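Undergrad: Sharing start-v1.pdb (PDB, C-alpha atoms) below.
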```pdb
ATOM      1  CA  GLU P   1      89.073  94.239 140.935  1.00  0.00           C
ATOM      2  CA  ALA P   2      89.785  97.930 141.304  1.00  0.00           C
ATOM      3  CA  GLY P   3      88.811 100.119 138.397  1.00  0.00           C
ATOM      4  CA  VAL P   4      90.690 102.989 136.831  1.00  0.00           C
ATOM      5  CA  VAL P   5      91.595 105.487 139.511  1.00  0.00           C
ATOM      6  CA  GLN P   6      91.944 109.181 138.822  1.00  0.00           C
ATOM      7  CA  SER P   7      92.887 112.046 141.083  1.00  0.00           C
ATOM      8  CA  PRO P   8      91.995 114.644 141.904  1.00  0.00           C
ATOM      9  CA  ARG P   9      88.288 114.415 141.086  1.00  0.00           C
ATOM     10  CA  TYR P  10      87.914 118.177 140.984  1.00  0.00           C
ATOM     11  CA  LYS P  11      90.425 120.952 140.489  1.00  0.00           C
ATOM     12  CA  ILE P  12      89.955 124.713 140.396  1.00  0.00           C
ATOM     13  CA  ILE P  13      92.859 126.900 139.352  1.00  0.00           C
ATOM     14  CA  GLU P  14      93.476 130.357 137.995  1.00  0.00           C
ATOM     15  CA  LYS P  15      94.565 130.797 134.410  1.00  0.00           C
ATOM     16  CA  LYS P  16      98.273 130.594 133.735  1.00  0.00           C
ATOM     17  CA  GLN P  17      98.748 128.200 136.631  1.00  0.00           C
ATOM     18  CA  PRO P  18     100.050 124.664 136.081  1.00  0.00           C
ATOM     19  CA  VAL P  19      97.924 121.613 136.847  1.00  0.00           C
ATOM     20  CA  ALA P  20      98.504 117.872 136.821  1.00  0.00           C
ATOM     21  CA  PHE P  21      96.182 114.901 136.712  1.00  0.00           C
ATOM     22  CA  TRP P  22      97.055 111.401 137.771  1.00  0.00           C
ATOM     23  CA  CYS P  23      95.719 108.078 136.515  1.00  0.00           C
ATOM     24  CA  ASN P  24      96.263 104.545 137.739  1.00  0.00           C
ATOM     25  CA  PRO P  25      94.920 102.032 135.210  1.00  0.00           C
ATOM     26  CA  ILE P  26      93.548  98.595 135.927  1.00  0.00           C
ATOM     27  CA  SER P  27      96.343  96.264 136.901  1.00  0.00           C
ATOM     28  CA  GLY P  28      97.814  94.463 133.930  1.00  0.00           C
ATOM     29  CA  HIS P  29      96.296  96.761 131.303  1.00  0.00           C
ATOM     30  CA  ASN P  30      98.837  97.611 128.629  1.00  0.00           C
ATOM     31  CA  THR P  31      97.109 100.499 126.922  1.00  0.00           C
ATOM     32  CA  LEU P  32      96.250 103.788 128.566  1.00  0.00           C
ATOM     33  CA  TYR P  33      94.271 106.664 127.088  1.00  0.00           C
ATOM     34  CA  TRP P  34      93.728 110.270 128.060  1.00  0.00           C
ATOM     35  CA  TYR P  35      90.582 111.982 126.798  1.00  0.00           C
ATOM     36  CA  LEU P  36      89.208 115.491 127.009  1.00  0.00           C
ATOM     37  CA  GLN P  37      85.448 115.865 127.415  1.00  0.00           C
ATOM     38  CA  ASN P  38      83.882 119.283 127.013  1.00  0.00           C
ATOM     39  CA  LEU P  39      80.420 119.935 128.363  1.00  0.00           C
ATOM     40  CA  GLY P  40      77.788 118.376 126.144  1.00  0.00           C
ATOM     41  CA  GLN P  41      80.343 116.679 123.930  1.00  0.00           C
ATOM     42  CA  GLY P  42      81.816 113.251 123.524  1.00  0.00           C
ATOM     43  CA  PRO P  43      85.320 112.466 124.713  1.00  0.00           C
ATOM     44  CA  GLU P  44      88.179 113.405 122.404  1.00  0.00           C
ATOM     45  CA  LEU P  45      91.349 111.361 122.456  1.00  0.00           C
ATOM     46  CA  LEU P  46      94.426 113.314 123.535  1.00  0.00           C
ATOM     47  CA  ILE P  47      97.050 110.615 123.789  1.00  0.00           C
ATOM     48  CA  ARG P  48      97.313 106.847 123.801  1.00  0.00           C
ATOM     49  CA  TYR P  49     100.070 104.788 125.391  1.00  0.00           C
ATOM     50  CA  GLU P  50     100.987 101.200 124.702  1.00  0.00           C
ATOM     51  CA  ASN P  51     103.009 100.277 127.759  1.00  0.00           C
ATOM     52  CA  GLU P  52     105.329 103.259 128.231  1.00  0.00           C
ATOM     53  CA  GLU P  53     105.314 104.362 124.592  1.00  0.00           C
ATOM     54  CA  ALA P  54     103.079 107.151 123.364  1.00  0.00           C
ATOM     55  CA  VAL P  55     101.801 105.662 120.102  1.00  0.00           C
ATOM     56  CA  ASP P  56      99.330 108.411 119.254  1.00  0.00           C
ATOM     57  CA  ASP P  57      99.677 111.965 120.539  1.00  0.00           C
ATOM     58  CA  SER P  58      98.530 113.740 117.425  1.00  0.00           C
ATOM     59  CA  GLN P  59      95.667 115.495 119.224  1.00  0.00           C
ATOM     60  CA  LEU P  60      97.710 116.614 122.227  1.00  0.00           C
ATOM     61  CA  PRO P  61      98.397 120.392 122.194  1.00  0.00           C
ATOM     62  CA  LYS P  62     102.077 120.045 122.814  1.00  0.00           C
ATOM     63  CA  ASP P  63     102.732 123.706 123.460  1.00  0.00           C
ATOM     64  CA  ARG P  64     101.053 123.452 126.857  1.00  0.00           C
ATOM     65  CA  PHE P  65     100.116 119.813 127.433  1.00  0.00           C
ATOM     66  CA  SER P  66     102.475 117.001 128.341  1.00  0.00           C
ATOM     67  CA  ALA P  67     102.027 113.455 129.505  1.00  0.00           C
ATOM     68  CA  GLU P  68     104.116 110.618 130.750  1.00  0.00           C
ATOM     69  CA  ARG P  69     103.651 106.992 131.647  1.00  0.00           C
ATOM     70  CA  LEU P  70     106.747 105.922 133.474  1.00  0.00           C
ATOM     71  CA  LYS P  71     107.290 102.165 133.829  1.00  0.00           C
ATOM     72  CA  GLY P  72     104.186 101.584 131.751  1.00  0.00           C
ATOM     73  CA  VAL P  73     101.799 101.736 134.687  1.00  0.00           C
ATOM     74  CA  ASP P  74     100.339 104.959 136.024  1.00  0.00           C
ATOM     75  CA  SER P  75     100.321 108.182 134.090  1.00  0.00           C
ATOM     76  CA  THR P  76     100.220 111.916 134.578  1.00  0.00           C
ATOM     77  CA  LEU P  77      98.821 114.583 132.288  1.00  0.00           C
ATOM     78  CA  LYS P  78     100.042 118.121 132.800  1.00  0.00           C
ATOM     79  CA  ILE P  79      98.909 121.497 131.539  1.00  0.00           C
ATOM     80  CA  GLN P  80     101.249 124.461 131.833  1.00  0.00           C
ATOM     81  CA  PRO P  81     100.056 127.141 131.707  1.00  0.00           C
ATOM     82  CA  ALA P  82      96.316 126.517 131.895  1.00  0.00           C
ATOM     83  CA  GLU P  83      93.930 128.641 129.836  1.00  0.00           C
ATOM     84  CA  LEU P  84      90.242 129.372 130.346  1.00  0.00           C
ATOM     85  CA  GLY P  85      89.376 127.084 127.454  1.00  0.00           C
ATOM     86  CA  ASP P  86      90.961 124.117 129.198  1.00  0.00           C
ATOM     87  CA  SER P  87      88.006 123.868 131.572  1.00  0.00           C
ATOM     88  CA  ALA P  88      86.646 120.382 130.938  1.00  0.00           C
ATOM     89  CA  VAL P  89      86.612 116.839 132.258  1.00  0.00           C
ATOM     90  CA  TYR P  90      89.789 114.854 131.685  1.00  0.00           C
ATOM     91  CA  LEU P  91      89.135 111.144 131.409  1.00  0.00           C
ATOM     92  CA  CYS P  92      91.606 108.316 131.679  1.00  0.00           C
ATOM     93  CA  ALA P  93      90.887 104.855 130.312  1.00  0.00           C
ATOM     94  CA  SER P  94      92.766 101.605 130.013  1.00  0.00           C
ATOM     95  CA  SER P  95      92.411  98.416 128.030  1.00  0.00           C
ATOM     96  CA  PRO P  96      94.035  95.038 128.521  1.00  0.00           C
ATOM     97  CA  GLY P  97      95.659  94.435 125.162  1.00  0.00           C
ATOM     98  CA  LEU P  98      97.734  96.524 122.885  1.00  0.00           C
ATOM     99  CA  ALA P  99      95.316  98.952 121.288  1.00  0.00           C
ATOM    100  CA  GLY P 100      96.082  97.949 117.748  1.00  0.00           C
ATOM    101  CA  GLU P 101      92.803  98.404 115.986  1.00  0.00           C
ATOM    102  CA  PHE P 102      90.839  99.697 118.948  1.00  0.00           C
ATOM    103  CA  THR P 103      88.814  96.528 119.306  1.00  0.00           C
ATOM    104  CA  ASP P 104      89.510  96.253 123.007  1.00  0.00           C
ATOM    105  CA  THR P 105      86.992  97.411 125.550  1.00  0.00           C
ATOM    106  CA  GLN P 106      88.142 100.601 127.223  1.00  0.00           C
ATOM    107  CA  TYR P 107      87.590 100.945 130.963  1.00  0.00           C
ATOM    108  CA  PHE P 108      87.142 104.521 132.078  1.00  0.00           C
ATOM    109  CA  GLY P 109      87.898 106.304 135.293  1.00  0.00           C
ATOM    110  CA  PRO P 110      85.468 108.857 136.770  1.00  0.00           C
ATOM    111  CA  GLY P 111      87.449 111.776 135.386  1.00  0.00           C
ATOM    112  CA  THR P 112      88.916 114.980 136.759  1.00  0.00           C
ATOM    113  CA  ARG P 113      86.760 118.073 136.370  1.00  0.00           C
ATOM    114  CA  LEU P 114      88.994 121.074 135.780  1.00  0.00           C
ATOM    115  CA  THR P 115      87.768 124.633 136.199  1.00  0.00           C
ATOM    116  CA  VAL P 116      90.083 127.427 135.097  1.00  0.00           C
ATOM    117  CA  LEU P 117      89.150 130.867 136.438  1.00  0.00           C
TER
ATOM    118  CA  ALA L   1      88.369 110.775 108.009  1.00  0.00           C
ATOM    119  CA  GLN L   2      85.955 108.931 110.221  1.00  0.00           C
ATOM    120  CA  SER L   3      82.998 110.686 111.769  1.00  0.00           C
ATOM    121  CA  VAL L   4      80.067 109.578 113.825  1.00  0.00           C
ATOM    122  CA  THR L   5      76.715 111.295 114.113  1.00  0.00           C
ATOM    123  CA  GLN L   6      74.189 110.789 116.851  1.00  0.00           C
ATOM    124  CA  LEU L   7      70.778 112.108 115.893  1.00  0.00           C
ATOM    125  CA  GLY L   8      68.973 113.678 118.802  1.00  0.00           C
ATOM    126  CA  SER L   9      70.959 115.102 121.676  1.00  0.00           C
ATOM    127  CA  HIS L  10      68.006 114.451 124.005  1.00  0.00           C
ATOM    128  CA  VAL L  11      65.559 111.557 123.913  1.00  0.00           C
ATOM    129  CA  SER L  12      62.673 111.032 126.317  1.00  0.00           C
ATOM    130  CA  VAL L  13      60.722 107.805 126.648  1.00  0.00           C
ATOM    131  CA  SER L  14      58.143 106.528 129.065  1.00  0.00           C
ATOM    132  CA  GLU L  15      59.070 103.724 131.407  1.00  0.00           C
ATOM    133  CA  GLY L  16      58.359 100.453 129.624  1.00  0.00           C
ATOM    134  CA  ALA L  17      58.540 101.983 126.154  1.00  0.00           C
ATOM    135  CA  LEU L  18      60.991 101.176 123.387  1.00  0.00           C
ATOM    136  CA  VAL L  19      64.337 102.935 123.499  1.00  0.00           C
ATOM    137  CA  LEU L  20      65.902 103.851 120.150  1.00  0.00           C
ATOM    138  CA  LEU L  21      69.116 105.863 119.999  1.00  0.00           C
ATOM    139  CA  ARG L  22      70.486 106.579 116.568  1.00  0.00           C
ATOM    140  CA  CYS L  23      74.068 106.437 115.366  1.00  0.00           C
ATOM    141  CA  ASN L  24      75.414 106.841 111.850  1.00  0.00           C
ATOM    142  CA  TYR L  25      79.002 106.756 110.735  1.00  0.00           C
ATOM    143  CA  SER L  26      80.835 107.771 107.614  1.00  0.00           C
ATOM    144  CA  SER L  27      83.558 105.554 106.315  1.00  0.00           C
ATOM    145  CA  SER L  28      84.438 103.803 103.096  1.00  0.00           C
ATOM    146  CA  VAL L  29      85.556 100.832 105.141  1.00  0.00           C
ATOM    147  CA  PRO L  30      83.299  99.227 107.745  1.00  0.00           C
ATOM    148  CA  PRO L  31      84.660 100.323 111.082  1.00  0.00           C
ATOM    149  CA  TYR L  32      84.459  98.826 114.511  1.00  0.00           C
ATOM    150  CA  LEU L  33      81.474 100.233 116.393  1.00  0.00           C
ATOM    151  CA  PHE L  34      80.765 100.758 120.066  1.00  0.00           C
ATOM    152  CA  TRP L  35      78.110 102.070 122.423  1.00  0.00           C
ATOM    153  CA  TYR L  36      79.147 103.432 125.814  1.00  0.00           C
ATOM    154  CA  VAL L  37      76.951 104.699 128.637  1.00  0.00           C
ATOM    155  CA  GLN L  38      77.860 107.416 131.125  1.00  0.00           C
ATOM    156  CA  TYR L  39      76.000 107.892 134.378  1.00  0.00           C
ATOM    157  CA  PRO L  40      76.325 111.223 136.195  1.00  0.00           C
ATOM    158  CA  ASN L  41      79.759 111.799 137.680  1.00  0.00           C
ATOM    159  CA  GLN L  42      80.991 108.438 136.472  1.00  0.00           C
ATOM    160  CA  GLY L  43      83.249 107.201 133.729  1.00  0.00           C
ATOM    161  CA  LEU L  44      82.001 105.627 130.544  1.00  0.00           C
ATOM    162  CA  GLN L  45      81.049 101.957 130.511  1.00  0.00           C
ATOM    163  CA  LEU L  46      80.884  99.723 127.459  1.00  0.00           C
ATOM    164  CA  LEU L  47      77.372  98.541 126.561  1.00  0.00           C
ATOM    165  CA  LEU L  48      78.267  96.584 123.453  1.00  0.00           C
ATOM    166  CA  LYS L  49      80.545  96.513 120.432  1.00  0.00           C
ATOM    167  CA  TYR L  50      80.640  95.239 116.891  1.00  0.00           C
ATOM    168  CA  THR L  51      83.923  94.123 115.376  1.00  0.00           C
ATOM    169  CA  THR L  52      83.175  91.205 113.066  1.00  0.00           C
ATOM    170  CA  GLY L  53      80.619  88.451 112.679  1.00  0.00           C
ATOM    171  CA  ALA L  54      76.946  88.698 113.537  1.00  0.00           C
ATOM    172  CA  THR L  55      75.570  92.134 112.822  1.00  0.00           C
ATOM    173  CA  LEU L  56      73.064  92.035 115.686  1.00  0.00           C
ATOM    174  CA  VAL L  57      74.988  92.568 118.862  1.00  0.00           C
ATOM    175  CA  LYS L  58      73.590  92.059 122.349  1.00  0.00           C
ATOM    176  CA  GLY L  59      75.000  93.979 125.265  1.00  0.00           C
ATOM    177  CA  ILE L  60      74.487  94.502 128.939  1.00  0.00           C
ATOM    178  CA  ASN L  61      71.276  95.686 130.609  1.00  0.00           C
ATOM    179  CA  GLY L  62      69.077  94.402 127.788  1.00  0.00           C
ATOM    180  CA  PHE L  63      70.486  96.675 125.090  1.00  0.00           C
ATOM    181  CA  GLU L  64      71.258  95.581 121.568  1.00  0.00           C
ATOM    182  CA  ALA L  65      72.411  97.204 118.351  1.00  0.00           C
ATOM    183  CA  GLU L  66      72.451  96.200 114.722  1.00  0.00           C
ATOM    184  CA  PHE L  67      75.200  97.050 112.276  1.00  0.00           C
ATOM    185  CA  LYS L  68      73.649  97.935 108.923  1.00  0.00           C
ATOM    186  CA  LYS L  69      76.326  98.499 106.330  1.00  0.00           C
ATOM    187  CA  SER L  70      73.887  99.664 103.662  1.00  0.00           C
ATOM    188  CA  GLU L  71      72.606 102.388 105.981  1.00  0.00           C
ATOM    189  CA  THR L  72      75.963 103.061 107.680  1.00  0.00           C
ATOM    190  CA  SER L  73      74.124 102.834 110.961  1.00  0.00           C
ATOM    191  CA  PHE L  74      74.507 101.232 114.376  1.00  0.00           C
ATOM    192  CA  HIS L  75      71.359 102.166 116.272  1.00  0.00           C
ATOM    193  CA  LEU L  76      70.945 101.172 119.914  1.00  0.00           C
ATOM    194  CA  THR L  77      67.674  99.688 121.103  1.00  0.00           C
ATOM    195  CA  LYS L  78      66.047  98.300 124.216  1.00  0.00           C
ATOM    196  CA  PRO L  79      62.516  96.888 124.155  1.00  0.00           C
ATOM    197  CA  SER L  80      61.422  98.282 127.513  1.00  0.00           C
ATOM    198  CA  ALA L  81      62.957 101.306 129.205  1.00  0.00           C
ATOM    199  CA  HIS L  82      63.693 101.260 132.908  1.00  0.00           C
ATOM    200  CA  MET L  83      64.216 104.254 135.147  1.00  0.00           C
ATOM    201  CA  SER L  84      67.813 103.167 135.686  1.00  0.00           C
ATOM    202  CA  ASP L  85      68.508 103.583 131.952  1.00  0.00           C
ATOM    203  CA  ALA L  86      68.512 107.360 132.306  1.00  0.00           C
ATOM    204  CA  ALA L  87      72.041 108.379 131.325  1.00  0.00           C
ATOM    205  CA  GLU L  88      74.198 109.770 128.522  1.00  0.00           C
ATOM    206  CA  TYR L  89      74.864 107.382 125.651  1.00  0.00           C
ATOM    207  CA  PHE L  90      77.812 107.661 123.288  1.00  0.00           C
ATOM    208  CA  CYS L  91      78.340 105.925 120.000  1.00  0.00           C
ATOM    209  CA  ALA L  92      81.975 105.459 119.003  1.00  0.00           C
ATOM    210  CA  VAL L  93      83.785 104.214 115.938  1.00  0.00           C
ATOM    211  CA  SER L  94      87.296 103.139 115.159  1.00  0.00           C
ATOM    212  CA  ASP L  95      88.761 103.394 111.726  1.00  0.00           C
ATOM    213  CA  THR L  96      91.589 101.073 110.902  1.00  0.00           C
ATOM    214  CA  ASN L  97      91.768 102.423 107.374  1.00  0.00           C
ATOM    215  CA  THR L  98      93.276 105.751 108.440  1.00  0.00           C
ATOM    216  CA  GLY L  99      95.752 104.743 111.083  1.00  0.00           C
ATOM    217  CA  ASN L 100      93.708 103.606 114.042  1.00  0.00           C
ATOM    218  CA  GLN L 101      91.629 106.641 114.845  1.00  0.00           C
ATOM    219  CA  PHE L 102      88.904 106.459 117.469  1.00  0.00           C
ATOM    220  CA  TYR L 103      85.976 108.865 117.633  1.00  0.00           C
ATOM    221  CA  PHE L 104      83.047 109.386 119.975  1.00  0.00           C
ATOM    222  CA  GLY L 105      79.781 110.965 118.933  1.00  0.00           C
ATOM    223  CA  THR L 106      78.413 113.969 120.771  1.00  0.00           C
ATOM    224  CA  GLY L 107      76.134 111.843 122.905  1.00  0.00           C
ATOM    225  CA  THR L 108      72.420 111.383 123.492  1.00  0.00           C
ATOM    226  CA  SER L 109      70.901 112.110 126.877  1.00  0.00           C
ATOM    227  CA  LEU L 110      68.146 109.616 127.665  1.00  0.00           C
ATOM    228  CA  THR L 111      65.363 110.609 130.045  1.00  0.00           C
ATOM    229  CA  VAL L 112      62.919 107.975 131.276  1.00  0.00           C
ATOM    230  CA  ILE L 113      59.543 109.289 132.356  1.00  0.00           C
ATOM    231  CA  PRO L 114      57.740 107.352 135.079  1.00  0.00           C
TER
END
```
When written as C-alpha cells, how does the structure in this file appear?

TA:
Amino acid sequence: EAGVVQSPRYKIIEKKQPVAFWCNPISGHNTLYWYLQNLGQGPELLIRYENEEAVDDSQLPKDRFSAERLKGVDSTLKIQPAELGDSAVYLCASSPGLAGEFTDTQYFGPGTRLTVL
Amino acid sequence: AQSVTQLGSHVSVSEGALVLLRCNYSSSVPPYLFWYVQYPNQGLQLLLKYTTGATLVKGINGFEAEFKKSETSFHLTKPSAHMSDAAEYFCAVSDTNTGNQFYFGTGTSLTVIP
C-alpha cells in the first residue's frame, strides 16, 4: 500500500514569491491534515479536512496561506507571498476515519522542506 | 488549553540500556495520548497510543508507555536500546474537552551509543 505522497520534497524560493505544496493521502483515508514543523520543534496543525470540508483551520494564517482538497482526495497548500519566516517543513498526514476526537492513527508523508531566501 | 511537555530535548543511552523518554500533559480531562517517531528525512510514524482501557500500552519495536493520571504523564520506555532506535520522538495529546485540539510536544532526540 502506498503511503502519503508529498511533492516537491524540497523547494527554495525568494521572499514574496508564491509556492504550492501537493499531498496525495493514502487511498480511502477520509481525513487529511497539514502541519508546519519548524526546526527543533514538533509539528503544528495548520488545517484539517474531513473529506472535502475544512473542519479546523483556526491555525492557518489566512492572509497568506490557503488550502484546498477538491473531491476529498488530494490537497494543495499554498503560500502567497512567502516570507522568510515561512522556512520550515510542511507535513501532510491522513487518517482513515473521520477525525472526530483524534483517536485515529495519522499516517505522515515525508514532508516538503521550504527555504525562503 | 492543552499542552504537552517533553523533558529533555536530547537523551543519550548506551546500546542495550533502558530508554526512558518523558512526557507530561496538562488537562483537566484525561486526553488521548500518542507517541510518534521520526527518522531523518522521513515522516512521523505512530509508536503507540492510549485512548481508553489498559493504562500500559505496548507499541511497535518493543516500546511501551504507561498513562498515569495522578502524575499527568505518559512516559515512553524500552528495556534495551538498539542502534536503530536513534531518532526524534514526539509525544502528542488530543483534547476533546476544548473542541478537538491536537498538540505535539517539542520532541526528544534519542542517541544510542555503541

Undergrad: Tell me, counting all atoms listed in the file, for each residue of chain P within 8 Å of chain L, which pair of atoms is nearest and how far apart they are in Å to one decimal, in rows ordered by chain and increasing number, as a Markdown table.

TA:
```
| residue | atom | partner | partner_atom | distance |
| --- | --- | --- | --- | --- |
| P:Gly40 | CA | L:Thr106 | CA | 7.0 |
| P:Gln41 | CA | L:Thr106 | CA | 4.6 |
| P:Gly42 | CA | L:Thr106 | CA | 4.4 |
| P:Pro43 | CA | L:Phe104 | CA | 6.1 |
| P:Glu44 | CA | L:Tyr103 | CA | 6.9 |
| P:Leu45 | CA | L:Phe102 | CA | 7.4 |
| P:Leu91 | CA | L:Gly43 | CA | 7.5 |
| P:Gly100 | CA | L:Asn100 | CA | 7.2 |
| P:Glu101 | CA | L:Asn100 | CA | 5.6 |
| P:Phe102 | CA | L:Ser94 | CA | 6.2 |
| P:Thr103 | CA | L:Thr51 | CA | 6.7 |
| P:Thr105 | CA | L:Leu46 | CA | 6.8 |
| P:Gln106 | CA | L:Leu46 | CA | 7.3 |
| P:Tyr107 | CA | L:Gln45 | CA | 6.6 |
| P:Phe108 | CA | L:Gly43 | CA | 5.0 |
| P:Gly109 | CA | L:Gly43 | CA | 5.0 |
| P:Pro110 | CA | L:Gly43 | CA | 4.1 |
| P:Gly111 | CA | L:Gly43 | CA | 6.4 |
```

Undergrad: Can you work out which one of L:Lys58, L:His82, L:His75, L:Lys69 has the shortest atom-to-atom distance to Ser27 (chain L), counting only C-alpha atoms?

TA: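 Looking only at the distances to Ser27 (chain L), the closest residue turns out to be L:Lys69.
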
Undergrad: Could you list, as a list of chain:residue names, every residue within 6 Å of region 22-34 of chain P, counting all atoms listed in the file and ignoring same-chain residues fewer than 4 positions away?

TA: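 Selected residues are P:Gly3, P:Val4, P:Val5, P:Gln6, P:Ser7, P:Leu46, P:Ile47, P:Arg48, P:Tyr49, P:Glu50, P:Asn51, P:Asp74, P:Ser75, P:Thr76, P:Leu91, P:Cys92, P:Ala93, P:Ser94, P:Ser95, P:Pro96, P:Gly97, P:Leu98.
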
Undergrad: Just so the selection is clear, what residues does the PyMOL selection byres ((chain P and resi 64) around 8) cover here, as an MDAnalysis selection string?

TA: chainID P and resid 61:63 65:66 79:82

Undergrad: Please, what distance in Å, to one decimal, runs between CA of Trp35 (chain L) and CA of Ala17 (chain L)?

TA: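 Rounded to one decimal, the two atoms are 19.9 Å apart.
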
Undergrad: Show me, as lines of an AutoDock Vina configuration file, the centre and edge lengths in Å to one decimal of the axis-aligned box that covers every listed atom of region 46-62 of chain P with 6 Å on each side.

TA:
```
center_x = 99.9
center_y = 110.3
center_z = 122.8
size_x = 22.9
size_y = 32.1
size_z = 22.8
```

Undergrad: Near Leu56 (chain L), within 7 Å and counting all atoms listed in the file, which residues show up once chain neighbours fewer than 5 positions away are dropped, as a count of residues only?

TA: 3

Undergrad: Please, what distance in Å, to one decimal, runs between CA of Ala54 (chain P) and CA of Leu70 (chain P)?

TA: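 CA of Leu70 (chain P) lies 10.8 Å from CA of Ala54 (chain P).
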
Undergrad: Would you compute the distance between CA of Tyr10 (chain P) and CA of Thr115 (chain P)? Give it in Å to one decimal.

TA: 8.0 Å

Undergrad: Can you pull out the residues contacting Cys23 (chain L)? Cut-off 6 Å, using all atoms listed in the file, and skip same-chain residues under 3 positions away; I want them as number ranges by chain.

TA: L: 5-6, 73-75

Undergrad: Assuming the chain letters and numbering stay as they are in my file, what does the PyMOL selection byres ((chain L and resi 84) around 12) actually select? List them as a list in words.

TA: Glu15, Gly16, Val37, Gln38, Tyr39, Pro40, Asn61, Gly62, Ser80, Ala81, His82, Met83, Asp85, Ala86, Ala87, Glu88, Leu110, Thr111, Val112, Ile113 and Pro114 of chain L

Undergrad: Can you list, as number ranges by chain, every protein, DNA or RNA residue that comes within 8 Å of Asn38 (chain P) when you count only C-alpha atoms, leaving out same-chain residues fewer than 5 positions away?

TA: P: 43, 87-89

Undergrad: Would you fill out region 20-39 of chain P with N, CA and C atoms and return it as a PDB file, in the coordinates of the input?

TA:
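Generated output (out.pdb):
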```pdb
ATOM      1  N   ALA P  20      98.156 119.243 137.205  1.00  0.00           N
ATOM      2  CA  ALA P  20      98.504 117.872 136.821  1.00  0.00           C
ATOM      3  C   ALA P  20      97.411 116.926 137.258  1.00  0.00           C
ATOM      4  N   PHE P  21      97.176 115.934 136.426  1.00  0.00           N
ATOM      5  CA  PHE P  21      96.182 114.901 136.712  1.00  0.00           C
ATOM      6  C   PHE P  21      96.899 113.556 136.741  1.00  0.00           C
ATOM      7  N   TRP P  22      96.417 112.708 137.620  1.00  0.00           N
ATOM      8  CA  TRP P  22      97.055 111.401 137.771  1.00  0.00           C
ATOM      9  C   TRP P  22      96.066 110.282 137.461  1.00  0.00           C
ATOM     10  N   CYS P  23      96.564 109.216 136.875  1.00  0.00           N
ATOM     11  CA  CYS P  23      95.719 108.078 136.515  1.00  0.00           C
ATOM     12  C   CYS P  23      96.435 106.779 136.832  1.00  0.00           C
ATOM     13  N   ASN P  24      95.753 105.891 137.514  1.00  0.00           N
ATOM     14  CA  ASN P  24      96.263 104.545 137.739  1.00  0.00           C
ATOM     15  C   ASN P  24      95.342 103.564 137.035  1.00  0.00           C
ATOM     16  N   PRO P  25      95.792 102.923 135.982  1.00  0.00           N
ATOM     17  CA  PRO P  25      94.920 102.032 135.210  1.00  0.00           C
ATOM     18  C   PRO P  25      94.664 100.724 135.949  1.00  0.00           C
ATOM     19  N   ILE P  26      93.813  99.923 135.384  1.00  0.00           N
ATOM     20  CA  ILE P  26      93.548  98.595 135.927  1.00  0.00           C
ATOM     21  C   ILE P  26      94.822  97.772 135.816  1.00  0.00           C
ATOM     22  N   SER P  27      95.118  97.038 136.868  1.00  0.00           N
ATOM     23  CA  SER P  27      96.343  96.264 136.901  1.00  0.00           C
ATOM     24  C   SER P  27      96.450  95.309 135.711  1.00  0.00           C
ATOM     25  N   GLY P  28      97.586  95.354 135.060  1.00  0.00           N
ATOM     26  CA  GLY P  28      97.814  94.463 133.930  1.00  0.00           C
ATOM     27  C   GLY P  28      97.399  95.028 132.581  1.00  0.00           C
ATOM     28  N   HIS P  29      96.715  96.154 132.571  1.00  0.00           N
ATOM     29  CA  HIS P  29      96.296  96.761 131.303  1.00  0.00           C
ATOM     30  C   HIS P  29      97.491  97.436 130.634  1.00  0.00           C
ATOM     31  N   ASN P  30      97.670  97.107 129.352  1.00  0.00           N
ATOM     32  CA  ASN P  30      98.837  97.611 128.629  1.00  0.00           C
ATOM     33  C   ASN P  30      98.617  98.987 128.016  1.00  0.00           C
ATOM     34  N   THR P  31      97.384  99.256 127.635  1.00  0.00           N
ATOM     35  CA  THR P  31      97.109 100.499 126.922  1.00  0.00           C
ATOM     36  C   THR P  31      96.390 101.488 127.826  1.00  0.00           C
ATOM     37  N   LEU P  32      96.825 102.712 127.752  1.00  0.00           N
ATOM     38  CA  LEU P  32      96.250 103.788 128.566  1.00  0.00           C
ATOM     39  C   LEU P  32      95.917 104.960 127.660  1.00  0.00           C
ATOM     40  N   TYR P  33      94.771 105.555 127.900  1.00  0.00           N
ATOM     41  CA  TYR P  33      94.271 106.664 127.088  1.00  0.00           C
ATOM     42  C   TYR P  33      93.959 107.866 127.983  1.00  0.00           C
ATOM     43  N   TRP P  34      94.219 109.029 127.454  1.00  0.00           N
ATOM     44  CA  TRP P  34      93.728 110.270 128.060  1.00  0.00           C
ATOM     45  C   TRP P  34      92.758 110.926 127.077  1.00  0.00           C
ATOM     46  N   TYR P  35      91.600 111.303 127.606  1.00  0.00           N
ATOM     47  CA  TYR P  35      90.582 111.982 126.798  1.00  0.00           C
ATOM     48  C   TYR P  35      90.227 113.320 127.432  1.00  0.00           C
ATOM     49  N   LEU P  36      89.766 114.217 126.592  1.00  0.00           N
ATOM     50  CA  LEU P  36      89.208 115.491 127.009  1.00  0.00           C
ATOM     51  C   LEU P  36      87.725 115.475 126.679  1.00  0.00           C
ATOM     52  N   GLN P  37      86.888 115.816 127.669  1.00  0.00           N
ATOM     53  CA  GLN P  37      85.448 115.865 127.415  1.00  0.00           C
ATOM     54  C   GLN P  37      84.905 117.238 127.788  1.00  0.00           C
ATOM     55  N   ASN P  38      84.532 118.000 126.779  1.00  0.00           N
ATOM     56  CA  ASN P  38      83.882 119.283 127.013  1.00  0.00           C
ATOM     57  C   ASN P  38      82.410 119.063 127.318  1.00  0.00           C
ATOM     58  N   LEU P  39      81.820 120.030 127.968  1.00  0.00           N
ATOM     59  CA  LEU P  39      80.420 119.935 128.363  1.00  0.00           C
ATOM     60  C   LEU P  39      79.530 119.693 127.154  1.00  0.00           C
TER      61      LEU P  39
END
```
